[in-house]
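Chemist: Submitted below is the structure of interest, expressed as structure tokens.
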Amino acid sequence: MSDPRPAAVGRPLLEVEDLRVAFATRRGTITAVDGISFSIGEGEVLGVVGESGAGKSLTGAAIIGLLEPPGHVAGGRILFDGKRIDNLPPAALRRIRGKEIGAIFQDPLTSLNPLYTVGRQLVETIQTHLDLDGAAARRRALDLLKEVGIPGAEHRIDHYPHQFSGGMRQRVVIALALSANPRLIIADEPTTALDVSIQAQIIALLKRLCRDHRTAVMLVTHDMGVIAETADRVAVMYAGRIAEIGPVRQIIQQPQHPYTVGLMGSIPAIGTARDRLAQIDGAMPRPGAVPAGCAFNPRCRHAFDRCRVERPELLPAGASRAACWLHVAGSDRFSSPLRGEDQGEGVSQRPVLAGSGAQAATPPHPNLSPEGRGDGV
Ligand SMILES: Nc1ncnc2c1ncn2[C@@H]1O[C@H](COP(=O)(O)OP(=O)(O)OP(=O)(O)O)[C@@H](O)[C@H]1O
Ligand code: SF4
Ligand SMILES: [Mg+2]
């Protein structure tokens, strides 16, 4: 399924079609990612947000082939540059991972071997993917460390990961992720484990490097400030599904799904708070306990009969797409239930939505430029 993307962004680099990720358990198969579709264009940054357990990390892991058993891709397709990668043999996938698709995780130590110097790890990664001799690979490693802002890189290249601070380690991980010039980076909460004061620096670095290298990014984060600052488009995940996907400015200022309306109630500036998404009463269902129909229906005051029996597809909703029956073509429900003060039971923040094509009730987020994003990636 396609999704809306600004015209300026290039052709799809990554296409995820009806992806399902499941776990075999003693009580049967549990589906944790349940039929999601989206694409990422060349050089585009797709932000992925949603409550804990929504399936964000599993989606990223499925794309780079790092799902840990018993987790597995149970359906759908993943295409990279037009070619299927979800069914590749492990060796072929390893070649793509690192070379074409890089990864940055929350904890830099996940990506670094404590027994080797950062230089050795960079050189090995570079030589695995690029045809360079030892001296040239070391020069490239040094250049990368300088590019990610490691002071005294000439000496630090021979240091071990534990000799770096958390922020500096994440810079090394970014250098590693970029070392073979990948076209896509999966960044799963890359700043969550860092001090608040360091987070903005790391995001700014990632943003600059990806813009310079024209690297696309799937950026998983709980930080709406980071999304506002960095993303071109946003996918909002709920209970293993995409609730809404669209351009960042639209998602923040004119959310079209009741769940997104709740999430967008409060968006602090980048790096100012750790618990950034607004609270919505009730809990997201666990995989295996997702209600019939719309997964959000027990928490949604707009729910009506159809919501409890039939799962909504992503439907055109303003400049976005939202999996909500309020947006079904020809429906008169959309303009009424979400209007004005009526924003959904238990949603603790004020409303943003005001019907199709309506203006946002909130002022633009301070992190958004008039073009709808930061200075671009
Ligand atoms: N090995 C596993 N076995 C069973 N269920 C799992 C396994 N790994 C993950 N899950 C479940 O799949 C769901 C999605 O997990 P995922 O890690 O993708 O969430 P997330 O959106 O990244 O959350 P967070 O924001 O906390 O990182 C969760 O409910 C999680 O408990
Ligand atoms: S109105 Fe219905 S379909 Fe839309 S979010 Fe609420 S429960 Fe889901
Ligand atoms: Mg996660």
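Letters A, B, ... mark the chains of the structure tokens in the order given; residue numbers begin at 1 per chain; ligand numbers begin at 1, in order shown.
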List all protein, DNA and RNA residues that have an atom no more than 10 Å from any atom of ligand 1, counting only C-alpha atoms and all ligand atoms, and report them as a PyMOL selection string.
Modeler: chain A and resi 21-25+29-33+48-62+67-72+106+188-189+220-222+237-240+284-288
Chemist: Within 7 Å of ligand 2, counting only C-alpha atoms and all ligand atoms: which residues, as a PyMOL selection string?
Modeler: chain A and resi 257-259+294-297+300-304+307+312+323-326
Chemist: Restricted to C-alpha atoms, what would the selected residues look like written as a compact mmCIF listing (two decimals), in the first residue's frame?
Modeler:
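And here is the file that came out, again31.txt:
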```txt
# COMPACT_ATOMS: atom_id res chain seq x y z
CA HIS A 257 -6.81 9.74 14.14
CA PRO A 258 -8.24 10.03 17.66
CA TYR A 259 -5.13 8.27 19.02
CA CYS A 294 -10.27 -1.01 15.49
CA ALA A 295 -7.54 -1.75 18.05
CA PHE A 296 -8.15 1.66 19.66
CA ASN A 297 -11.91 1.22 20.12
CA CYS A 300 -11.97 5.92 21.86
CA ARG A 301 -15.10 7.88 22.76
CA HIS A 302 -15.96 8.16 19.08
CA ALA A 303 -16.24 4.39 18.67
CA PHE A 304 -19.42 3.19 17.02
CA CYS A 307 -15.37 0.08 15.01
CA PRO A 312 -10.24 0.08 9.45
CA ALA A 323 -6.97 3.94 10.05
CA CYS A 324 -10.24 5.28 11.36
CA TRP A 325 -13.79 4.77 10.16
CA LEU A 326 -14.50 8.43 10.79
```
Chemist: List every residue of region 126-348 of chain A that DSSP, applied to the backbone, labels as alpha helix (DSSP H), and write the result as an NGL selection string.
Modeler: :A and (126-129 or 134-147 or 153-156 or 166-178 or 196-213 or 224-230 or 248-253 or 258-263)
Chemist: Can you tell me which residues surround Lys146 (chain A) at a distance of at most 12 Å, considering only C-alpha atoms, apart from same-chain residues fewer than 2 positions away, and format the answer as a ChimeraX atom specification?
Modeler: /A:139-144,148-157,168,171-172,174-175,205
Chemist: Measuring between only C-alpha atoms and all ligand atoms, which one of A:Ala187, A:Ala92, A:Val123, A:Ile245 shows the shortest distance to ligand 3?
Modeler: A:Ala187
